[in-house]
Every structure is written in C-alpha cells, then in structure tokens.
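Below is one structure; the comments refer to it alone.
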There are 2 protein chains.
Amino acid sequence: MIHVTLPDGAVKEMADGASAMDVAKSISEGLARKVLAAKVDGEIRDASRPLPDNTALTLLTWQDAGGKSTFWHSSAHLMAEAVEALYPGVKFWVGPAVDNGFYYDMDLGGRQIGEEDLRKLEAKMIELARKNSSYIRKEVPKAEAIQYFSDKGDEYKLDLLGGLKDGEITFYTQGDFTDLCRGPHIPQTGLIKAVKLTNIAGAYWKGDEKNKMLTRVYGIAFPSQKELDEYLAMLEEAKKRDHRKLGKELGIFTFDDEVGPGLPLWMPNGTIIIEELERLAKETELKAGYKRVVTPHIAKESLYITSGHLPYYQDSMYPSMELEGVKYYLKSMNCPHHHKIFAAEPRSYKDIPLRLAEYGTCYRYEQSGELFGLMRVRCLHMNDAHIYCTREQFNEEFKAVNDMYLKYFKIFGIEKYVMRLSLHNPEKLGQKYINEPELWKETETLVRDVLIKTNTPFVEVADEAAFYGPKIDVQIWSTIGREFTLATNQVDFAQGRRFKLEFTNQHNQAETPLIIHRAPLGTHERFIGFLLEHYAGRFPLWLAPLQIKILPISDKFLDYAQTILESLKNADIRAEVDDRSEKIGKKIRDTELAKVPYMLVIGEKEQAENKVSVRRHGKGDQGAKALPEFIAEVSAEIKDRIAETAS
Amino acid sequence: MIHVTLPDGAVKEMADGASAMDVAKSISEGLARKVLAAKVDGEIRDASRPLPDNTALTLLTWQDAGGKSTFWHSSAHLMAEAVEALYPGVKFWVGPAVDNGFYYDMDLGGRQIGEEDLRKLEAKMIELARKNSSYIRKEVPKAEAIQYFSDKGDEYKLDLLGGLKDGEITFYTQGDFTDLCRGPHIPQTGLIKAVKLTNIAGAYWKGDEKNKMLTRVYGIAFPSQKELDEYLAMLEEAKKRDHRKLGKELGIFTFDDEVGPGLPLWMPNGTIIIEELERLAKETELKAGYKRVVTPHIAKESLYITSGHLPYYQDSMYPSMELEGVKYYLKSMNCPHHHKIFAAEPRSYKDIPLRLAEYGTCYRYEQSGELFGLMRVRCLHMNDAHIYCTREQFNEEFKAVNDMYLKYFKIFGIEKYVMRLSLHNPEKLGQKYINEPELWKETETLVRDVLIKTNTPFVEVADEAAFYGPKIDVQIWSTIGREFTLATNQVDFAQGRRFKLEFTNQHNQAETPLIIHRAPLGTHERFIGFLLEHYAGRFPLWLAPLQIKILPISDKFLDYAQTILESLKNADIRAEVDDRSEKIGKKIRDTELAKVPYMLVIGEKEQAENKVSVRRHGKGDQGAKALPEFIAEVSAEIKDRIAETAS
C-alpha cells in the first residue's frame, strides 16, 4: 500500500505501483478522462507512472498551466510524427511548449513549406490523433540511444545526446514516431482534438547565426474544436483591437524615428487618458494615506551602487553620462530616490508606515528587437509607491495593497486575474539575487502566508524575483481573454539595510523598515495599451478623450450648439461642436467611428424646447432631454467612473 | 545749432557744443540734479560731454538700469580714492559695477584688511563725496598714459594699457585720484550720499589661479541714506526668507549627494505646492484652448541636430549616452518633442493655432559652482507650451500670453514686473544665433510692436536672444523688493522650417507656422524658490501644504477632533489633528511656527455647541463658528485662490 496526499489534504491509500491515473479513476472516470499529467512532490510527470509512497499529488487537467504545457509539448511530438509521415528523412532538433502552443525546429533537407503544407500537416495530425496512440516512456542506455539516432542519421539528436549522461536518457514513442525526450506527456494522442499550425519561421540551430538555418513551425492545439474556434475568434478580435492600430486612429500616441525606438510621444487624446488615470491614482492613494513626492530622472553612479542596481540590474539600464568626472544614470526604478526622501529627515515610529508615491518616469533598456508598441517600451511612467513599514505592519499593508488592486479591477471591469508569486533561485544568490539566503526564505514565507490568508488566487514561479526580494506580478485578462502582466508588488528586505534607513521604534531603538514596492496600475504605457484592447477604443465616459459631440442638424443651430458647449464645459465635460456643413447622417457616422460616447443632435425641435436629443455610442437614440437633466446624468456617470461601454 | 530727439519724440534745438546736462537744465533744474548719465544714440556716456547733431537722447537717472550702473561704477572710483588716501601705494586692477553695487580688485601689498577697515573706508568715502569733486574725462596719448602709470609703479594698469590702442585711451580724475577708464561716470561725487562696503574676498589676477591673489572689496552705494537703509532692511528680511532655509524647515525640498548637485528631491509638502501650481496652469491653459501632451526626457542626437540645439546650445546640455551605436541626449528644452507631435498628423488651418502644453522636465548643465538652491539647478520642471500660429494670428496669440502673465501676477500678488526684450547680436550670426538676418529683424519688430501696442512695460537688451529668435524674459519683484527672472516668452522663426512643419492654409498651400515658446510660471524650481521668499513660507491657503490643524484642548476631545477631520477631508481640505498630549499653548505655538494658515481649537464649549474656535495664522482668534459655515468659507477661499497671507 502507498499513501497519497491530495491538494485538499485528503490521504488516499492505493495499491503498490498505482499511478496518478489510477488515483484519478478511483475518484471518477470523468476526472480520469480529463487528466493530462500529474504533479508529484512538485515535479510534473506522466500520469501513467507508478507513484512513490507518501507522496503529494496534484492531478493536472487543461485548467492547469502544467496540464496545458504538457498537452502542447505532446502536440509538438504529434506534429513531428505527421512531418515524418509526409516528409520522410526530416531531422528534428527541439520541440517545446511555449506560452500559447508549441513549436518544433526541423531540418527539412532544403524543402520549402508554405501555408498549404501546414493545412496538410494539420489534417495528418488529426488523422494520427484519432488513432489514439499512447505516449510510451522508455528509459534507454546511452549506447543504445546513440545507436538508434545513428541508424536514423539524425545528427541533431546525437548532438543532444552528447550532453546527456547514461541513466538519464528517455525515449517517448507514440504511433510510429520515437523522440529523445525527458517528458512528461499526456496519456494518448486522442486527447488532441483540434490543431492550428500558425506560423513558419527560420531559426538558427542553437540560436547561433553561424549555424544552419532550421525551419520552425509554430502551432497550437486544444482538447475540443470549440476551444480552437474560440481561440481563433479571440485572435481575430485582438487584431481588430490592436492597440497600435487604435492608438494611431484615436490620436493616443505616436513614435518618431528621431526621438527613438521605444519612446512614445503622447498625443493630446492619450494625455487626457494619462491625466484621468493619474487623478484616479492620486485620489485612491490620498485616501489610503500615501504622500506624494517628485524626484529627478537621473542620479550619480554611487546611488545605484548603494541600491545594488549596479551590478544586479545594469543590463536593463541606459548607459551612463559623464559629467565633471562623475557618471550619471537615468533611473530605471524610482526606489533609490524615494529611499533618499525617507532618509532626508529623522523618522520615528509615528511616521511609520510611510507611503511615498510618485508617477515616476523610468528608463529601461530593451533590445530594439524586443520593443512592441506600448507593451515593450524604454520609457515607463510608473504608478509607483514605496511603503516603509515594520514586520508587524506588513500583513495589513500588503492586504491594503491587494484591496487597492481589487478596487481597480472593479473600475476597469477586469474579471479574471491571478497573482504570480516570483521566488528567487538559491543557485543564483550573489549573481542575480542579493546573497541573503535566510532573508529570502523569511520574506517569501511572509508573502505566501498573506496570499493564503487573504484567499488570493496565486501561482508560484521560481527564479523570477526582483534582485532585492520576492515579487508578485499581477496577471489580468482583457475582455477578449488575452493575458497581460501589468502590476507588480514586491517585498524588499535588502535596500533598507543597504541605504541604512532607520526609524526610532517605540523602545527608542533604531530599526530598519521593510519596504513594499507596488505599482497597481503598472505603467501608463502598458496599462493604456491594455485598455485600448480591453475597450476596443470605446472608453468609458470618464476616460474618453472626447466625451460629447454636439451635432447641429444645420448651420442654423450653430449658436444653440455653442450655448450647449459652454454649459458642458462649465460642468468640466469634454465636448466639441461638429460645425461642418455636412448632412446629419454623416456627422453621426463620423462620430460613431471616432468612438465618442455621447452625441447630442440638435435641430428646430430641440432648440424650441430647450432640449437635446441624446445618442449613446453603439446604443443609438436615447430620446430628448432637458440639458440640465442630461448634464446631471453624465456628471454622475463621470464622477462614479461607471465602466459601461457601448459594446 | 544741434537737434536732439527725446524719447517722447520731441525734438530740441540746442546750441553747438551743448551737453546732455544742458538739455536737462533746459527742461528743469530738478531734473538736472537727478541726471547721472545719458544714452546717446544707444550708447551710455557722461552727461557732460558735448552732443553731436541729430542725436537720440535719453537722460539716465537712478530709475534707469544704465543710470544705476554708472552710479556704482563711479562709486568704485570713489572707493579707490579712499583706499589710496588711507593706504598709499596700493595698486589697482579693475573696478566695475555689478548687478547690485560694485567691486574693486586691488593689490594691497600684503596688507590684510577686515570689517573695521571697511567701516573706516566708508567714512572716508563719504568725506570725499562731500567735497563734491567732478569726474573729469581726459583723452590721453598712449605714451603719456604709460609714463603716468610707470611713474606710479602700477604694473596692473600698465598690463591693461598693453591691450589698448593709441587714441582710445581715457583717464578719469576725481579729487586726488586718477584712473585709466573708458567711463562713463556721473557728474560729481556729491551725488553719492550713502555707502555700504559689504564683503572682502580673494580674487586671482585675471581669474587665473596661477596668478597672484588680489583683494576684492564689494560695496553698494545710494543717492540717499534712506535708500541704503531700505536696502539693508531688505537684505535682512531676505536672509530670514532664504528659500533654502525655509525649504528645509517646511519640508519642501532636499538635496542629496548621491543623487547629485542641482537635482532637488521634492518632499511631500513641496509636491503639494507643485500639484497646486500644475492644477492652476492646467485650468488656465484648458480655458485658453491649449492641449496637453507628454513626451520622453531623451531623444536621439539627430533630433537636436535638426533643432539646432547641437551645436548652438550644446554647452548647456548633459553629455550623451550611447546606445546600440546611437547617441541619446537628455532634453534641455521640450520644443523639439512638441514639434514632432505637430508633425505626427497632417495639419490644416482649422488646427491652427495649435497650442501644445506640457509640464515637461528638462535637464541643463550648469557648472557646480553656479548652482544655488532652487534658483540655479540642473533639473527644471517647466510650465512649457508651444503655440503654432500664422503671422496674422501672432499679435492676438502673443497678447493672450501676456494676459495670462497678468492673471498669474494678480493671483500671486506680484505688483512690480517688467518685460526684458532680448535681441540678437548681428556679429554672432551663425555662432550663437541662427544665421537669418532678415528674419531676426522681422520678428524683433513683430514683438516690439506688440509690446508697444499693448502698453506693456519693457526694456531692450542686446545679445541675449534664444538661438532661434528674440525672447522676452519677465522680471518680477518679490514683496520685499528683490528681483527675479522667472518666465519666458520667445518667438521662433527658425525651428518651424528646420523641422519642415507645415499646415495647409485656406488657399490649399503648405505654410510654415510661427512658433511661440512660452512658460509663464517658469520652472517649479525657480517659482517655488521665489514664492518661499515672497510669502516668507506663509503660503496662501490654496497653496499651503497643510491648510488646517485641529488642536484639541485635551485628549478628551480627540474623538470630536476626528469627526471634524473627516468633514474637512471630505471637503478636500488638507487637515491634521495635533493628537499630542501637550498644553494648548504649546500646540498653538508649534502650529504658528509651522505656518499653518488655520487652527481650530476645540474643547468643552466647542464640542457642546458643535462649533470650532478659529485662529488665523498671524491674526489670532477669529471667534467660534459652526463647522459647515467655516468649511464653506475656507472652501471659497481655496477655490478662488485668495492671495491673503498672514503677514
């Protein structure tokens, strides 16, 4: 008998040699049909492998990131099987799962393939999947493995084998295809119901441009045709909502070659959105007891040596400027400057927690090739703040930051989110991470405990912490289901000591504060990029650059239009008159295209009755209203930041 | 007979050989007693020299900058006469007028002088002044001049003579003292009624530290004792109002060695003032039809080559950073970035005038030795905007900018100001100024005409324009009479063409706009530095970082204090409770010291009657009021930005 502990704490007794799949079946056949892999004592494995005794088991399905990536890795093998069937003699390099699907790098022996070939390969993959072959794992002695791929004439796999030791080599076979692979894989190919091969690209062997160019085929696969259809529809919608396209059409931002790549210029409409977001942040932070500061964008090298940015973060910084023999750097983070403000006055426990906030503009180096619209930039306007607190205050402060996230999610209609707890990697202490193993452990536990206590959904990832402490990245999903990493929330046990920050505690002793770095609205760049997609450019009223357009039916009503405009402006509403001599139909169409939330159509009747005819974008005619009534309604909609969009 | 044109256009006929003083006397004896020098065809001269025919004459008195500087230059000669009388054998280098007074560099032959000596020198100067000696000008052949100073054994004056040509050498003599000097000077020493020698410093001969150290004595002089007394009182008051001292005491800003010199960190209280100023600017600019933009702080070298900042302005820029083989510079001005926003979309006459505004942060290089508190910094938050307009629109736009200045002057209680029109120098075309002689003339005339038409007080100064066009610096005086240069207003005929900026005019032709650069509130740094002195830290309510302090008479009333605090916060008023267990007298004193505009004292009576006892800073008890009444009053005071201070 073996003992298996499930995530809910229940312990199951199973026969010796029982697999994760056996555990699943003992729970329900329905569950077993969904199991793709298993997490066994933290490691993802085939669900079919026998379990050890006293083990912690999580069954992984399509709902789990680990289940999905196993599914896509197995899909890469299925694609390789199809490639081998259609183009015998192809040699294979590697075929991993990626964020959205999988790829395989292959040497097609000079053959060029195109769209049509992808369609044929997809058909072949489905044909092979229907055979429902099992993915069979086999441990292979190194000599035997070398013999196998020598016979096959595949120098790429032989190269891989060169780096492996005897005893750690496994083959996976499904149908007629065998691959050198450490796994894990899903039980059978039949689980793969729908496939889309999305792209063909060249990829140098081992990423080295001196090597041969291989062919990389990208694809994605799903456990049902419905899910593939939804995914393709989402991609189609995302294309329409592309923030670069909308950003240009709506006059939000622009780039200029002479200014430089990754450095957006915010046009008047984009600046209105920036200012509305900053107003929201300032209101929220004021209520939450934050104090605002303003700091310069540069500092001496010595500041960044003290902070540890040099050397831990230098690769992400702009190069230095040398002035009067001193090197200056553009700031890549606001924290060192804020620490200096903390240190500028003697602090006592009465000042703590001290919460310093700034919409600080940071500059980070990203390679030109990595830059992408507003999503990957070099100039970042951060909704930044640093909270200096005691260990005892940490839980409450951290929870308050979480609550602020939830408040924002509600305002922006973000329904799906997850916190991603990034931990350090003990092997990289002193290189990528500050070398304080005990403090890493302590703060990681601190953060994990708060997340558990507050029932916050979270996942853990190794080796992605900030250099000064564990961090939480907040992943959110847009209305069309695309995932974005926006906000960040970090605990810092290192910089307080490095900067010798101290406050006098209640026992009259000097104490170093813990520091929370947080940016719930992330950067303007990424957040507005997200909002453009999320709202498809149809911003809610409070964020819309132009809130109301007044459309006189003819030039006769221009004077009345002007008096309405004045009334709206006096109520701090952003409005304009369409004073072109165009037909009203065209005026309405153009205003709809510009995604303006409200139109006020005015003609003979409206002027006579001192009213306005209201049209809501995407919803059409809302009837005639007295102007004061209309102004009261939209003022409330703006003030309460109602999230309603016209979609 | 000669003909002399006075500033009001009147033409006087005078006898041949008549001097400016003769002209003054012909007007009135009272005027003649005040004349210090004369501007003759643009050049400042002794009032006693014969005038040429057909000349433009301005009589200069103490009210004119040229009159003052002549007065101080003559005072330097008077000091030298006193020095020679008390310490025979002293040798003299140079003794010019400066912004506030004069100095003379002297070789005292090893003698040390101190405060006591300065008092003796002052007395001697007044004694000599009472002799009322004339300043007598004499043209001297070079050989004779060399002979004179050889006999005197003054190698410094001989060194000066080495650089002069025969025919251009003049001596000035008053009483027993003769100096090599090109003048001009005031008529007699008797005009100097009051003297204060302010400082003794070392100064290397010719500013070269390899040379001998000379003794520099600074002083200032006035035409009456009353003016000197007022000046000394102003200096005393300015010391109390020193923005560096107040800035630290009130938690406005700080500097940090590791961040760098000239780079202020704005503390929470300073940031509140920044945000209030920005709110004022945004409101004002929104009403005036400006649109806001946000641009990065860096750009590629090529942008600054296009703009002309490289090479015309390079000395004031930070050095470059090199990234991926491209040089980037921190922006020293926002204009090139704004031009790129103008150019980002096709523009028509309907978009013109386009007014782009940004509180943009610029970085300029100033030598370490030149840095001074907030007045001379390297980081500048500018109240910047660029107006793109046609030549026909220029007058109206320029006038609107002037009106904005006047509005701000009123809000901040600035009663004395003058516009300083800075022109180019034709000799420096192509070096310091863009080489377009015709356009310089045209735009200088354009600006001068608007100033005259709008009755704006202004003075003209040569060789101080921006490199791209004439500029107006606005000089303002603080309540204690100190002068500050804050705002700027520039016309730019060059950058529009350099950036190929165009709009389609009503005739469907491409036209290049004129550009107005303007910054009425200057930079946060200098403006807040000015305001600290101007208000002596007693900010008007709307600007005060903490507006109201609630002072409970004892801990019993802390709950009531909290309910008042909540009401004030809900009304967007910045308030705090003094919850220390201190006597009410101490609470009041501490709050007065912190210059908080209002105190609300609450005790038994106030709580029972649901009232607050109001104290206004510097004015004391204002009686008890119901809270809603008090809130309504202060809300109005804040909203209307009432300038009343407690002083």
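By order in the structure tokens, chains are A, B, ...; within a chain, residues start at 1; ligands start at 1, following the order shown.
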
Using only C-alpha atoms, tabulate the residues of chain A lying at most 7 Å from any atom of chain B, each with its closest atom pair and that distance in Å to one decimal, by chain and increasing residue number, as a tab-separated table.
```
residue	atom	partner	partner_atom	distance
A:Glu258	CA	B:Leu303	CA	5.1
A:Val259	CA	B:Ala299	CA	4.3
A:Gly260	CA	B:Lys300	CA	5.9
A:Leu263	CA	B:Pro296	CA	6.3
A:Leu265	CA	B:Thr295	CA	4.8
A:Trp266	CA	B:Val294	CA	4.9
A:Met267	CA	B:Val293	CA	5.4
A:Pro268	CA	B:Val293	CA	5.1
A:Thr271	CA	B:Val293	CA	5.4
A:Lys291	CA	B:Pro268	CA	5.8
A:Arg292	CA	B:Pro268	CA	5.3
A:Val293	CA	B:Pro268	CA	5.1
A:Val294	CA	B:Trp266	CA	5.0
A:Thr295	CA	B:Leu265	CA	4.9
A:Pro296	CA	B:Leu263	CA	6.3
A:Ala299	CA	B:Val259	CA	4.3
A:Lys300	CA	B:Val259	CA	5.3
A:Ser302	CA	B:Glu258	CA	6.0
A:Leu303	CA	B:Glu258	CA	5.2
A:Pro319	CA	B:Met321	CA	5.7
A:Ser320	CA	B:Met321	CA	5.9
A:Met321	CA	B:Met321	CA	5.4
A:Glu322	CA	B:Pro319	CA	6.5
A:Leu323	CA	B:Pro319	CA	6.8
A:Ile341	CA	B:Met267	CA	6.7
A:Cys379	CA	B:Pro296	CA	6.9
```

Note to self: So that I can check the surroundings of A:Lys120, please list as a ChimeraX atom specification every protein, DNA and RNA residue that reaches within 9 Å of it, counting only C-alpha atoms and ignoring chain neighbours fewer than 5 positions away.
What the structure shows: /A:86,115,125

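The two atoms in question, atom CA of B:Gln475 and atom CA of B:Lys416, are spaced 8.5 Å apart.
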
Next item on the list: Write down as a PyMOL selection string the residues of stretch 537-639 of chain A whose backbone DSSP state falls under strand (DSSP E or B).
Entry: chain A and resi 548-552+575-577+598-602+611-616+620-626

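Proximity of A:Lys245, A:His309, A:Lys500, A:Lys428 to A:Glu464, computed with only C-alpha atoms, is greatest for A:Lys428.
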
Determine which residues of stretch 344-514 of chain A receive a DSSP assignment of helix (DSSP H, G or I), computed from the backbone, and state them as an mmCIF file with C-alpha atoms, in the first residue's frame.
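Okay, this is what ended up in out25.cif:
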```cif
data_model
loop_
_atom_site.group_PDB
_atom_site.id
_atom_site.type_symbol
_atom_site.label_atom_id
_atom_site.label_comp_id
_atom_site.auth_asym_id
_atom_site.auth_seq_id
_atom_site.Cartn_x
_atom_site.Cartn_y
_atom_site.Cartn_z
ATOM 1 C CA TYR A 349 7.543 55.041 14.689
ATOM 2 C CA LYS A 350 4.912 57.795 14.420
ATOM 3 C CA ASP A 351 5.939 58.351 10.781
ATOM 4 C CA SER A 368 15.329 47.084 -30.334
ATOM 5 C CA GLY A 369 14.030 43.712 -31.489
ATOM 6 C CA GLU A 370 12.087 43.244 -28.243
ATOM 7 C CA ARG A 391 7.388 43.472 10.127
ATOM 8 C CA GLU A 392 4.282 43.662 12.326
ATOM 9 C CA GLN A 393 2.592 46.078 9.924
ATOM 10 C CA PHE A 394 3.493 44.077 6.853
ATOM 11 C CA ASN A 395 0.349 41.905 6.677
ATOM 12 C CA GLU A 396 -2.018 44.838 6.948
ATOM 13 C CA GLU A 397 -0.101 46.982 4.471
ATOM 14 C CA PHE A 398 0.184 44.149 2.000
ATOM 15 C CA LYS A 399 -3.526 43.405 2.293
ATOM 16 C CA ALA A 400 -4.332 47.097 1.748
ATOM 17 C CA VAL A 401 -2.315 47.000 -1.475
ATOM 18 C CA ASN A 402 -4.261 43.905 -2.552
ATOM 19 C CA ASP A 403 -7.531 45.683 -1.802
ATOM 20 C CA MET A 404 -6.399 48.560 -3.989
ATOM 21 C CA TYR A 405 -5.847 46.085 -6.840
ATOM 22 C CA LEU A 406 -9.361 44.735 -6.387
ATOM 23 C CA LYS A 407 -10.811 48.241 -6.389
ATOM 24 C CA TYR A 408 -9.060 48.987 -9.671
ATOM 25 C CA PHE A 409 -10.115 45.657 -11.204
ATOM 26 C CA LYS A 410 -13.715 46.595 -10.485
ATOM 27 C CA ILE A 411 -13.413 50.066 -12.007
ATOM 28 C CA PRO A 426 19.209 29.664 -4.469
ATOM 29 C CA GLU A 427 21.770 28.760 -7.131
ATOM 30 C CA LYS A 428 21.948 32.399 -8.300
ATOM 31 C CA PRO A 437 19.520 33.166 1.948
ATOM 32 C CA GLU A 438 17.755 33.479 5.328
ATOM 33 C CA LEU A 439 16.015 36.743 4.468
ATOM 34 C CA TRP A 440 14.840 35.313 1.159
ATOM 35 C CA LYS A 441 13.225 32.429 2.998
ATOM 36 C CA GLU A 442 11.658 34.675 5.608
ATOM 37 C CA THR A 443 10.115 37.168 3.185
ATOM 38 C CA GLU A 444 8.945 34.522 0.734
ATOM 39 C CA THR A 445 7.090 32.849 3.608
ATOM 40 C CA LEU A 446 5.710 36.216 4.731
ATOM 41 C CA VAL A 447 4.231 36.919 1.311
ATOM 42 C CA ARG A 448 2.938 33.394 0.736
ATOM 43 C CA ASP A 449 1.181 33.457 4.110
ATOM 44 C CA VAL A 450 -0.638 36.709 3.343
ATOM 45 C CA LEU A 451 -1.763 35.407 -0.032
ATOM 46 C CA ILE A 452 -3.124 32.232 1.565
ATOM 47 C CA LYS A 453 -4.763 34.082 4.472
ATOM 48 C CA GLN A 495 17.531 48.031 0.282
ATOM 49 C CA GLY A 496 16.501 49.292 3.718
ATOM 50 C CA ARG A 497 19.766 47.964 5.084
ATOM 51 C CA ARG A 498 21.848 48.971 2.085
#
```

Margin query: Just the number, please: distance in Å from atom CA of A:Glu483 to atom CA of A:Ser69, one decimal.
Written below: 15.8 Å

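Proximity of B:Asp578, B:Glu230, B:Asp117, B:Glu502 to B:Arg347, computed with only C-alpha atoms, is greatest for B:Glu502.
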
Check: Any idea what's packed within 8 Å of stretch 514-517 of chain A, counting only C-alpha atoms, ignoring anything in its chain fewer than 2 positions away? Could you give it as number ranges by chain?
Finding: A: 335, 384-391, 394, 398, 488-493, 495-496, 512, 519

Check: What is the atom CA of B:Ala465-atom CA of B:Tyr359 distance in Å, reported with one decimal?
Finding: 22.9 Å

Considering only C-alpha atoms, tabulate each residue of stretch 55-116 of chain B that lies at most 12 Å from stretch 13-22 of chain B along with its nearest interatomic pair and the corresponding distance in Å to one decimal; arrange the rows by chain and ascending residue number and present them as JSON lines.
```
{"residue": "B:Thr55", "atom": "CA", "partner": "B:Ala20", "partner_atom": "CA", "distance": 10.7}
{"residue": "B:Ala56", "atom": "CA", "partner": "B:Ala20", "partner_atom": "CA", "distance": 10.7}
{"residue": "B:Leu57", "atom": "CA", "partner": "B:Ala20", "partner_atom": "CA", "distance": 7.6}
{"residue": "B:Thr58", "atom": "CA", "partner": "B:Ala20", "partner_atom": "CA", "distance": 8.6}
{"residue": "B:Leu59", "atom": "CA", "partner": "B:Ala20", "partner_atom": "CA", "distance": 7.1}
{"residue": "B:Leu60", "atom": "CA", "partner": "B:Ala20", "partner_atom": "CA", "distance": 9.8}
{"residue": "B:Thr61", "atom": "CA", "partner": "B:Met21", "partner_atom": "CA", "distance": 11.6}
```

Checklist line | Polymer residues at most 10 Å from B:Val140, only C-alpha atoms, same-chain spacing of 2 or more positions, as JSON, numbers by chain | finding: {"B": [137, 138, 142, 143, 144, 145, 146, 166, 167, 168, 169, 170, 171, 180]}

Next item on the list: With a distance cut-off of 6 Å and only C-alpha atoms, select the neighbouring residues of B:Phe458, excluding the residue or stretch itself and same-chain residues fewer than 5 positions from it, and output the selection as a ChimeraX atom specification.
Entry: /B:418-420
